[in-house]
$ cat work_28.tsv   # TSV, C-alpha atoms
chain	number	residue	atom	x	y	z
A	1	MET	CA	-89.31	181.21	-147.62
A	2	ALA	CA	-91.61	183.52	-145.65
A	3	THR	CA	-90.49	187.10	-145.15
A	4	GLU	CA	-90.25	188.69	-141.72
A	5	LEU	CA	-93.53	190.55	-142.31
A	6	GLU	CA	-95.32	187.38	-143.49
A	7	GLU	CA	-94.19	185.64	-140.31
A	8	LEU	CA	-95.46	188.58	-138.23
A	9	LEU	CA	-98.86	188.43	-139.93
A	10	GLY	CA	-98.94	184.72	-139.26
A	11	PHE	CA	-98.72	185.44	-135.53
A	12	LEU	CA	-102.08	187.24	-135.77
A	13	SER	CA	-103.63	183.78	-135.87
A	14	SER	CA	-101.59	182.43	-132.96
A	15	PRO	CA	-103.55	180.47	-130.32
A	16	SER	CA	-101.53	182.30	-127.65
A	17	PRO	CA	-103.31	185.55	-126.63
A	18	PRO	CA	-100.07	187.32	-125.55
A	19	ILE	CA	-98.36	186.50	-128.87
A	20	LYS	CA	-101.44	187.57	-130.83
A	21	LYS	CA	-101.64	190.85	-128.89
A	22	ALA	CA	-97.96	191.62	-129.39
A	23	ALA	CA	-98.23	190.87	-133.10
A	24	VAL	CA	-101.26	193.08	-133.73
A	25	ASN	CA	-99.65	195.98	-131.88
A	26	ILE	CA	-96.53	195.68	-134.04
A	27	VAL	CA	-98.62	195.48	-137.22
A	28	ARG	CA	-100.56	198.58	-136.14
A	29	ASP	CA	-97.30	200.44	-135.57
A	30	TYR	CA	-96.23	199.49	-139.11
A	31	THR	CA	-99.19	201.48	-140.46
A	32	GLY	CA	-98.08	204.61	-138.63
A	33	SER	CA	-95.70	205.52	-141.46
A	34	GLU	CA	-95.95	205.65	-145.24
A	35	ASP	CA	-93.12	203.15	-145.66
A	36	GLY	CA	-94.79	200.77	-143.23
A	37	LEU	CA	-98.13	201.09	-145.00
A	38	ARG	CA	-96.49	200.36	-148.35
A	39	SER	CA	-94.70	197.31	-146.94
A	40	LEU	CA	-97.84	195.95	-145.31
A	41	GLY	CA	-99.86	196.74	-148.42
A	42	LYS	CA	-97.89	194.11	-150.34
A	43	TYR	CA	-99.49	191.50	-148.08
A	44	ILE	CA	-103.00	193.01	-148.00
A	45	ASN	CA	-104.59	189.69	-149.00
A	46	LEU	CA	-103.05	188.08	-145.95
A	47	ALA	CA	-103.41	191.02	-143.54
A	48	VAL	CA	-107.08	191.93	-143.99
A	49	PRO	CA	-108.63	188.49	-143.27
A	50	SER	CA	-106.36	188.03	-140.24
A	51	LEU	CA	-107.12	191.49	-138.86
A	52	SER	CA	-110.85	191.10	-139.56
A	53	ARG	CA	-110.98	187.97	-137.44
A	54	LEU	CA	-109.55	189.93	-134.52
A	55	LEU	CA	-112.29	192.59	-134.57
A	56	GLU	CA	-114.51	190.45	-132.36
A	57	LYS	CA	-111.81	189.61	-129.82
A	58	LYS	CA	-111.99	192.33	-127.18
A	59	GLU	CA	-108.36	192.19	-126.08
A	60	VAL	CA	-107.08	192.92	-129.62
A	61	SER	CA	-110.07	194.47	-131.41
A	62	GLU	CA	-108.91	198.07	-130.99
A	63	PRO	CA	-105.40	197.77	-132.50
A	64	ALA	CA	-106.83	195.53	-135.27
A	65	ALA	CA	-109.47	198.14	-136.12
A	66	GLU	CA	-106.92	200.99	-135.98
A	67	THR	CA	-104.75	199.06	-138.44
A	68	LEU	CA	-107.67	198.64	-140.84
A	69	VAL	CA	-108.51	202.36	-140.54
A	70	ASN	CA	-104.95	203.23	-141.54
A	71	LEU	CA	-104.87	200.73	-144.42
A	72	SER	CA	-108.20	201.97	-145.75
A	73	GLN	CA	-106.82	205.50	-146.14
A	74	ILE	CA	-104.80	204.30	-149.16
A	75	PRO	CA	-107.14	204.16	-152.20
A	76	ASP	CA	-105.50	201.11	-153.82
A	77	LEU	CA	-105.58	199.17	-150.57
A	78	ALA	CA	-109.12	200.35	-149.80
A	79	GLY	CA	-110.26	199.02	-153.18
A	80	LYS	CA	-108.82	195.60	-152.40
A	81	MET	CA	-110.47	195.66	-148.97
A	82	VAL	CA	-113.84	196.32	-150.59
A	83	GLU	CA	-113.27	193.42	-153.00
A	84	MET	CA	-112.55	191.19	-150.01
A	85	GLY	CA	-115.97	191.96	-148.50
A	86	ILE	CA	-114.76	194.08	-145.59
A	87	ILE	CA	-117.88	196.29	-145.60
A	88	LYS	CA	-120.17	193.36	-144.78
A	89	ILE	CA	-117.75	192.23	-142.05
A	90	VAL	CA	-117.65	195.73	-140.53
A	91	MET	CA	-121.44	196.17	-140.65
A	92	ASP	CA	-122.04	192.76	-139.06
A	93	ILE	CA	-119.68	193.50	-136.16
A	94	LEU	CA	-120.90	197.09	-135.77
A	95	TYR	CA	-124.36	195.88	-134.80
A	96	LYS	CA	-123.33	193.05	-132.52
A	97	LYS	CA	-124.07	193.49	-128.84
A	98	ASP	CA	-121.33	195.12	-126.74
A	99	CYS	CA	-119.30	196.34	-129.73
A	100	ASP	CA	-116.79	198.75	-128.20
A	101	ILE	CA	-114.92	199.79	-131.35
A	102	THR	CA	-117.89	201.53	-133.00
A	103	HIS	CA	-116.02	204.75	-133.73
A	104	LEU	CA	-113.18	202.92	-135.48
A	105	LEU	CA	-115.53	200.75	-137.55
A	106	VAL	CA	-117.39	203.88	-138.69
A	107	MET	CA	-114.06	205.45	-139.70
A	108	ILE	CA	-113.27	202.40	-141.85
A	109	LEU	CA	-116.60	202.94	-143.64
A	110	VAL	CA	-115.82	206.65	-144.08
A	111	ASN	CA	-112.56	205.77	-145.83
A	112	LEU	CA	-114.03	203.00	-147.98
A	113	THR	CA	-116.97	205.12	-149.20
A	114	GLN	CA	-114.55	207.56	-150.77
A	115	LEU	CA	-114.38	204.94	-153.53
A	116	ASP	CA	-117.22	204.20	-155.98
A	117	ALA	CA	-116.86	200.49	-155.21
A	118	GLY	CA	-117.18	201.18	-151.49
A	119	ILE	CA	-120.35	203.20	-152.03
A	120	GLU	CA	-121.87	200.45	-154.16
A	121	SER	CA	-121.02	197.86	-151.51
A	122	LEU	CA	-122.52	199.92	-148.67
A	123	LEU	CA	-125.65	200.63	-150.72
A	124	GLN	CA	-125.84	196.85	-151.35
A	125	HIS	CA	-126.12	197.59	-155.05
A	126	GLY	CA	-127.46	194.66	-157.03
A	127	ASP	CA	-129.21	193.05	-154.07
A	128	GLU	CA	-132.84	194.07	-154.50
A	129	LYS	CA	-134.03	192.67	-151.17
A	130	MET	CA	-131.20	194.15	-149.08
A	131	HIS	CA	-130.65	197.40	-151.02
A	132	GLY	CA	-130.37	200.33	-148.63
A	133	LEU	CA	-130.56	198.29	-145.42
A	134	TYR	CA	-127.05	199.22	-144.25
A	135	ILE	CA	-127.75	202.91	-144.85
A	136	MET	CA	-131.04	202.75	-142.97
A	137	LYS	CA	-129.24	201.18	-140.01
A	138	LEU	CA	-126.50	203.80	-140.05
A	139	VAL	CA	-128.97	206.68	-140.30
A	140	ARG	CA	-130.99	205.29	-137.40
A	141	SER	CA	-127.84	205.05	-135.27
A	142	PHE	CA	-126.66	208.51	-136.39
A	143	CYS	CA	-129.97	210.05	-135.38
A	144	ALA	CA	-130.18	208.33	-131.99
A	145	SER	CA	-129.33	210.56	-129.05
A	146	SER	CA	-125.56	210.87	-128.88
A	147	SER	CA	-125.77	211.44	-125.13
A	148	GLU	CA	-126.60	207.77	-124.72
A	149	ASN	CA	-123.18	206.83	-126.06
A	150	LYS	CA	-120.08	208.42	-124.61
A	151	GLY	CA	-117.99	210.10	-127.27
A	152	ASP	CA	-120.72	210.05	-129.95
A	153	PRO	CA	-119.35	206.98	-131.79
A	154	PHE	CA	-121.71	207.38	-134.77
A	155	GLU	CA	-120.85	211.07	-135.31
A	156	HIS	CA	-118.78	210.37	-138.43
A	157	VAL	CA	-121.69	208.67	-140.17
A	158	ALA	CA	-122.16	212.30	-141.26
A	159	SER	CA	-119.13	211.88	-143.54
A	160	ILE	CA	-120.44	208.58	-144.90
A	161	LEU	CA	-123.68	210.32	-145.89
A	162	VAL	CA	-121.74	213.04	-147.70
A	163	ASN	CA	-119.75	210.36	-149.55
A	164	ILE	CA	-122.72	208.27	-150.68
A	165	SER	CA	-124.74	211.35	-151.69
A	166	GLN	CA	-122.07	212.23	-154.24
A	167	LYS	CA	-123.47	209.39	-156.33
A	168	GLU	CA	-126.90	209.37	-157.97
A	169	ALA	CA	-127.83	206.00	-156.46
A	170	GLY	CA	-127.04	207.33	-152.98
A	171	ARG	CA	-129.04	210.52	-153.51
A	172	LYS	CA	-132.06	208.58	-154.76
A	173	LEU	CA	-131.95	206.30	-151.75
A	174	LEU	CA	-131.74	209.21	-149.30
A	175	LEU	CA	-134.55	211.12	-151.03
A	176	ASP	CA	-136.93	208.15	-151.27
A	177	PRO	CA	-140.01	209.42	-149.37
A	178	LYS	CA	-141.03	205.88	-148.41
A	179	ARG	CA	-137.81	205.49	-146.43
A	180	GLY	CA	-137.97	208.96	-144.86
A	181	LEU	CA	-134.20	209.15	-144.39
A	182	MET	CA	-133.64	212.81	-145.29
A	183	LYS	CA	-136.19	214.00	-142.77
A	184	GLN	CA	-134.28	212.17	-140.05
A	185	ILE	CA	-130.89	213.40	-141.27
A	186	ILE	CA	-131.90	217.06	-141.54
A	187	ARG	CA	-132.98	217.16	-137.91
A	188	GLN	CA	-129.36	216.50	-136.93
A	189	PHE	CA	-128.44	219.97	-138.17
A	190	ASP	CA	-129.43	221.22	-134.70
A	191	SER	CA	-126.65	219.15	-133.14
A	192	PRO	CA	-123.85	221.06	-131.36
A	193	SER	CA	-121.36	218.83	-133.19
A	194	LEU	CA	-119.63	220.60	-136.08
A	195	VAL	CA	-118.94	217.22	-137.71
A	196	ARG	CA	-122.67	216.47	-137.74
A	197	LYS	CA	-123.61	219.96	-138.95
A	198	LYS	CA	-121.10	219.84	-141.82
A	199	GLY	CA	-122.17	216.35	-142.76
A	200	VAL	CA	-125.84	217.29	-142.85
A	201	SER	CA	-125.28	220.48	-144.86
A	202	GLY	CA	-123.00	218.64	-147.29
A	203	THR	CA	-125.52	215.82	-147.71
A	204	ILE	CA	-128.40	218.25	-148.33
A	205	ARG	CA	-126.28	220.10	-150.89
A	206	ASN	CA	-125.41	216.90	-152.72
A	207	CYS	CA	-129.02	215.72	-152.73
A	208	CYS	CA	-130.12	219.03	-154.22
A	209	PHE	CA	-128.24	218.09	-157.38
A	210	GLU	CA	-131.30	215.88	-157.93
A	211	ALA	CA	-133.62	218.91	-157.71
A	212	GLU	CA	-134.57	218.73	-161.39
A	213	ASN	CA	-136.02	215.23	-160.96
A	214	GLN	CA	-136.61	215.05	-157.21
A	215	LEU	CA	-137.86	218.53	-156.33
A	216	GLN	CA	-141.22	217.24	-155.15
A	217	ASN	CA	-139.53	214.86	-152.72
A	218	LEU	CA	-137.34	217.68	-151.41
A	219	LEU	CA	-140.33	219.97	-150.92
A	220	LEU	CA	-142.24	217.21	-149.10
A	221	ILE	CA	-139.84	217.82	-146.20
A	222	SER	CA	-139.85	221.62	-146.54
A	223	GLU	CA	-140.90	221.99	-142.88
A	224	PHE	CA	-137.40	220.73	-141.98
A	225	LEU	CA	-135.52	221.68	-145.16
A	226	TRP	CA	-136.06	225.46	-145.20
A	227	PRO	CA	-134.93	226.06	-141.59
A	228	ALA	CA	-131.80	223.94	-142.21
A	229	LEU	CA	-131.01	225.91	-145.38
A	230	LEU	CA	-132.03	229.42	-144.37
A	231	LEU	CA	-131.19	229.81	-140.68
A	232	PRO	CA	-127.41	229.47	-141.26
A	233	VAL	CA	-127.50	232.34	-143.79
A	234	ALA	CA	-130.06	234.55	-142.08
A	235	GLY	CA	-127.51	236.77	-140.35
A	236	ASN	CA	-127.63	237.67	-136.67
A	237	LYS	CA	-130.37	240.30	-136.57
A	238	ILE	CA	-133.73	239.78	-134.88
A	239	TYR	CA	-136.33	239.95	-137.64
A	240	SER	CA	-139.34	242.25	-137.56
A	241	GLU	CA	-142.87	240.96	-137.24
A	242	GLN	CA	-143.51	242.29	-140.73
A	243	ASP	CA	-140.85	239.94	-142.10
A	244	THR	CA	-141.65	236.89	-139.96
A	245	SER	CA	-145.39	237.12	-140.66
A	246	LYS	CA	-144.63	236.06	-144.24
A	247	MET	CA	-142.69	232.96	-143.13
A	248	PRO	CA	-143.80	229.52	-141.93
A	249	LEU	CA	-143.90	229.23	-138.15
A	250	GLU	CA	-140.73	227.13	-137.87
A	251	LEU	CA	-138.71	229.88	-139.61
A	252	GLY	CA	-140.46	232.95	-138.24
A	253	SER	CA	-140.22	231.78	-134.61
A	254	ALA	CA	-136.49	231.11	-134.86
A	255	LEU	CA	-135.74	234.45	-136.52
A	256	SER	CA	-137.79	236.58	-134.12
A	257	ILE	CA	-135.47	235.82	-131.17
A	258	GLU	CA	-131.74	235.90	-130.42
A	259	ARG	CA	-130.04	232.79	-131.77
A	260	GLU	CA	-126.65	231.20	-132.26
A	261	THR	CA	-125.17	231.98	-135.66
A	262	VAL	CA	-123.40	229.42	-137.83
A	263	THR	CA	-119.80	230.56	-137.74
A	264	ASP	CA	-118.39	227.99	-140.17
A	265	PRO	CA	-118.26	229.57	-143.66
A	266	GLU	CA	-118.17	226.14	-145.36
A	267	ILE	CA	-121.62	225.34	-143.97
A	268	ARG	CA	-123.01	228.70	-145.09
A	269	ALA	CA	-121.60	228.18	-148.59
A	270	GLN	CA	-123.02	224.64	-148.77
A	271	VAL	CA	-126.56	225.67	-147.85
A	272	LEU	CA	-126.44	228.53	-150.36
A	273	ASP	CA	-125.35	226.06	-153.04
A	274	ALA	CA	-128.34	223.90	-152.11
A	275	ILE	CA	-130.69	226.89	-152.30
A	276	TYR	CA	-129.26	227.78	-155.72
A	277	LEU	CA	-129.91	224.26	-157.03
A	278	ILE	CA	-133.50	224.42	-155.77
A	279	VAL	CA	-134.30	227.86	-157.16
A	280	LEU	CA	-132.93	226.85	-160.56
A	281	GLN	CA	-136.29	225.09	-160.86
A	282	GLU	CA	-139.40	227.21	-161.36
A	283	ALA	CA	-141.34	225.34	-158.68
A	284	GLY	CA	-138.33	225.70	-156.40
A	285	ARG	CA	-138.31	229.47	-156.87
A	286	ARG	CA	-142.02	229.65	-156.08
A	287	ALA	CA	-141.47	227.65	-152.91
A	288	PHE	CA	-138.54	229.88	-151.95
A	289	TRP	CA	-140.58	233.05	-152.39
A	290	SER	CA	-143.43	231.50	-150.38
A	291	VAL	CA	-141.24	231.30	-147.26
A	292	ASN	CA	-139.91	234.87	-147.74
A	293	GLY	CA	-136.54	233.40	-148.63
A	294	PRO	CA	-135.28	236.41	-150.64
A	295	ARG	CA	-135.80	238.71	-147.65
A	296	ILE	CA	-133.83	236.33	-145.43
A	297	LEU	CA	-130.94	236.30	-147.91
A	298	GLN	CA	-131.04	240.10	-148.15
A	299	ILE	CA	-130.60	240.47	-144.40
A	300	GLY	CA	-128.05	237.66	-144.18
A	301	TYR	CA	-125.98	239.16	-147.00
A	302	GLU	CA	-125.70	242.44	-145.10
A	303	ASP	CA	-123.97	240.62	-142.21
A	304	GLU	CA	-121.74	238.38	-144.35
A	305	GLU	CA	-117.99	239.09	-144.44
A	306	ASN	CA	-116.54	235.99	-146.10
A	307	PRO	CA	-115.87	236.70	-149.83
A	308	LYS	CA	-116.62	233.15	-151.02
A	309	VAL	CA	-119.89	233.02	-149.10
A	310	MET	CA	-120.82	236.47	-150.45
A	311	GLU	CA	-120.32	235.09	-153.96
A	312	ALA	CA	-122.68	232.24	-153.13
A	313	TYR	CA	-125.32	234.73	-151.95
A	314	GLU	CA	-124.89	236.70	-155.17
A	315	ARG	CA	-125.26	233.61	-157.32
A	316	VAL	CA	-128.67	232.91	-155.78
A	317	GLY	CA	-129.54	236.60	-156.04
A	318	SER	CA	-128.83	236.63	-159.78
A	319	LEU	CA	-131.47	233.93	-160.29
A	320	LEU	CA	-134.01	235.82	-158.21
A	321	ILE	CA	-133.41	238.98	-160.23
A	322	GLN	CA	-134.20	237.06	-163.39
A	323	GLU	CA	-137.43	235.92	-161.74
A	324	ASP	CA	-138.47	239.38	-160.58
A	325	GLY	CA	-136.20	242.29	-161.38
A	326	THR	CA	-138.34	244.72	-159.40
A	327	SER	CA	-137.93	242.81	-156.13
A	328	GLU	CA	-136.09	244.87	-153.54
A	329	ALA	CA	-134.91	241.68	-151.85
A	330	SER	CA	-133.43	240.34	-155.05
A	331	THR	CA	-131.58	243.50	-156.01
A	332	GLN	CA	-130.19	243.92	-152.52
A	333	VAL	CA	-128.76	240.40	-152.44
A	334	SER	CA	-127.00	240.79	-155.78
$ encode --input "work_28.tsv" --output "structure tokens"
Amino acid sequence: MATELEELLGFLSSPSPPIKKAAVNIVRDYTGSEDGLRSLGKYINLAVPSLSRLLEKKEVSEPAAETLVNLSQIPDLAGKMVEMGIIKIVMDILYKKDCDITHLLVMILVNLTQLDAGIESLLQHGDEKMHGLYIMKLVRSFCASSSENKGDPFEHVASILVNISQKEAGRKLLLDPKRGLMKQIIRQFDSPSLVRKKGVSGTIRNCCFEAENQLQNLLLISEFLWPALLLPVAGNKIYSEQDTSKMPLELGSALSIERETVTDPEIRAQVLDAIYLIVLQEAGRRAFWSVNGPRILQIGYEDEENPKVMEAYERVGSLLIQEDGTSEASTQVS
């Protein structure tokens, strides 16, 4: 005999729109509590297909998507959702004309890519012809002008990029120069959105774990990479012409005028971690010196007040001392 919850889930497929709407709202409310999530989780194999079918029905798509967002926060349930092919369903609907639940669909992907299986599914691992297509679509949408879409519905793609770049396969895809994805992503660091900024800095940091094998690909985009890494930790002083004359134009111009500082210490720590991973490599250190990086860190360190960020400065400084112990910039940073 069907339980009360099984009967409720059955109503999600009702031909009557009012009954269907009432049922999906009740199911969504179930997921508002831990007990409700656990109860609904017992019927995940029944719930997910029924809810997925409602994502394209405008009158019930929002509560159906909200329910799937809540379910996907639970790792065990998220794993089952991935097995059931929910990522393909979400991506297909996300790029259909007049999709008005974009933000919620992106949040489902954020939750699912916290699992290895979710990352593999989004990367389309094992499908040589399609590999990386979903990511390319998401990056293109992420980098499109947010002003065109009220509420910036693709903002949280930033978190998806951080998630996938925690895995080697994701980092390799993002750093592939033929795809040019990192160049597009880095440009989003100028966004006023803190979510975007944090996502970009976290993605760069993760990708720099490939510096030993992918340094050349990182340095191919140095015109965009160094400003993204160095401006957040350059302090708030206006730099002298003597200092900026030893920098590439894109850095020197920005540092020779008043500018907004990056107030979030997590971002400053992340870019310093990325710099550290780059300068661990000899060619990375040479590139860093060539843009007057040590001088920038010296000045930035003088303005820094956060203890954890100061430690990150010092970690980079210790490597630069090993490279050139006589450098004033190096000794000042340490």
$ residues_around --input "work_28.tsv" --residues "stretch 307-310 of chain A" --least-positions-apart "6" --cutoff "12 Å" --atoms "only C-alpha atoms" --output "PyMOL selection string"
chain A and resi 232-233+263-273+297-298+300-301+316-317+333-334
$ residues_around --input "work_28.tsv" --residues "A:Glu258" --least-positions-apart "5" --cutoff "9 Å" --atoms "all atoms listed in the file" --output "ChimeraX atom specification"
/A:236-238
$ residues_around --input "work_28.tsv" --residues "stretch 16-31 of chain A" --least-positions-apart "5" --cutoff "6 Å" --atoms "only C-alpha atoms" --output "count of residues only"
5
$ closest_residue --input "work_28.tsv" --among "A:Glu311, A:Glu241, A:Asp92, A:Glu212" --to "A:Ala283" --atoms "all atoms listed in the file"
A:Glu212
$ residues_around --input "work_28.tsv" --residues "A:Leu219" --least-positions-apart "4" --cutoff "10 Å" --atoms "all atoms listed in the file" --output "short mmCIF file (atom, residue, chain, number, x, y, z; two decimals) with C-alpha atoms, in the coordinates of the input"
data_model
loop_
_atom_site.label_atom_id
_atom_site.label_comp_id
_atom_site.auth_asym_id
_atom_site.auth_seq_id
_atom_site.Cartn_x
_atom_site.Cartn_y
_atom_site.Cartn_z
CA ALA A 211 -133.62 218.91 -157.71
CA GLN A 214 -136.61 215.05 -157.21
CA LEU A 215 -137.86 218.53 -156.33
CA GLU A 223 -140.90 221.99 -142.88
CA PHE A 224 -137.40 220.73 -141.98
CA LEU A 225 -135.52 221.68 -145.16
CA TRP A 226 -136.06 225.46 -145.20
CA ILE A 278 -133.50 224.42 -155.77
CA ALA A 283 -141.34 225.34 -158.68
CA GLY A 284 -138.33 225.70 -156.40
CA ALA A 287 -141.47 227.65 -152.91
#
$ atom_distance --input "work_28.tsv" --atom1 "atom CA of A:Arg295" --atom2 "atom CA of A:Glu314"
13.4 Å
$ closest_residue --input "work_28.tsv" --among "A:Leu115, A:Leu55, A:Ala312, A:Leu231" --to "A:Phe189" --atoms "all atoms listed in the file"
A:Leu231
$ atom_distance --input "work_28.tsv" --atom1 "atom CA of A:Asp76" --atom2 "atom CA of A:Leu54"
22.7 Å
$ atom_distance --input "work_28.tsv" --atom1 "atom CA of A:Glu302" --atom2 "atom CA of A:Phe288"
19.2 Å
$ residues_around --input "work_28.tsv" --residues "stretch 203-210 of chain A" --least-positions-apart "4" --cutoff "9 Å" --atoms "all atoms listed in the file" --output "MDAnalysis selection string"
chainID A and resid 158:159 161:168 170:172 174:175 182 185:186 198:199 214:215 218 225 229 270:278
$ closest_atom_pairs --input "work_28.tsv" --of "stretch 120-199 of chain A" --to "stretch 103-106 of chain A" --cutoff "9 Å" --atoms "all atoms listed in the file" --output "Markdown table"
| residue | atom | partner | partner_atom | distance |
| --- | --- | --- | --- | --- |
| A:Gly151 | CA | A:His103 | CA | 8.6 |
| A:Asp152 | CA | A:His103 | CA | 8.0 |
| A:Pro153 | CA | A:His103 | CA | 4.5 |
| A:Phe154 | CA | A:His103 | CA | 6.4 |
| A:Glu155 | CA | A:His103 | CA | 8.1 |
| A:His156 | CA | A:Val106 | CA | 6.6 |
| A:Val157 | CA | A:Val106 | CA | 6.6 |
| A:Ile160 | CA | A:Val106 | CA | 8.4 |
$ closest_residue --input "work_28.tsv" --among "A:Met81, A:Leu94, A:Ile296, A:Ile101" --to "A:Gly252" --atoms "all atoms listed in the file"
A:Ile296
$ closest_residue --input "work_28.tsv" --among "A:Glu62, A:Glu56, A:Glu120, A:Glu6" --to "A:Ile93" --atoms "only C-alpha atoms"
A:Glu56
$ closest_residue --input "work_28.tsv" --among "A:Lys246, A:Arg259, A:Lys137, A:Lys129" --to "A:Asp190" --atoms "all atoms listed in the file"
A:Arg259
$ closest_residue --input "work_28.tsv" --among "A:Tyr313, A:Tyr43, A:Tyr239, A:Tyr95" --to "A:Ser141" --atoms "all atoms listed in the file"
A:Tyr95
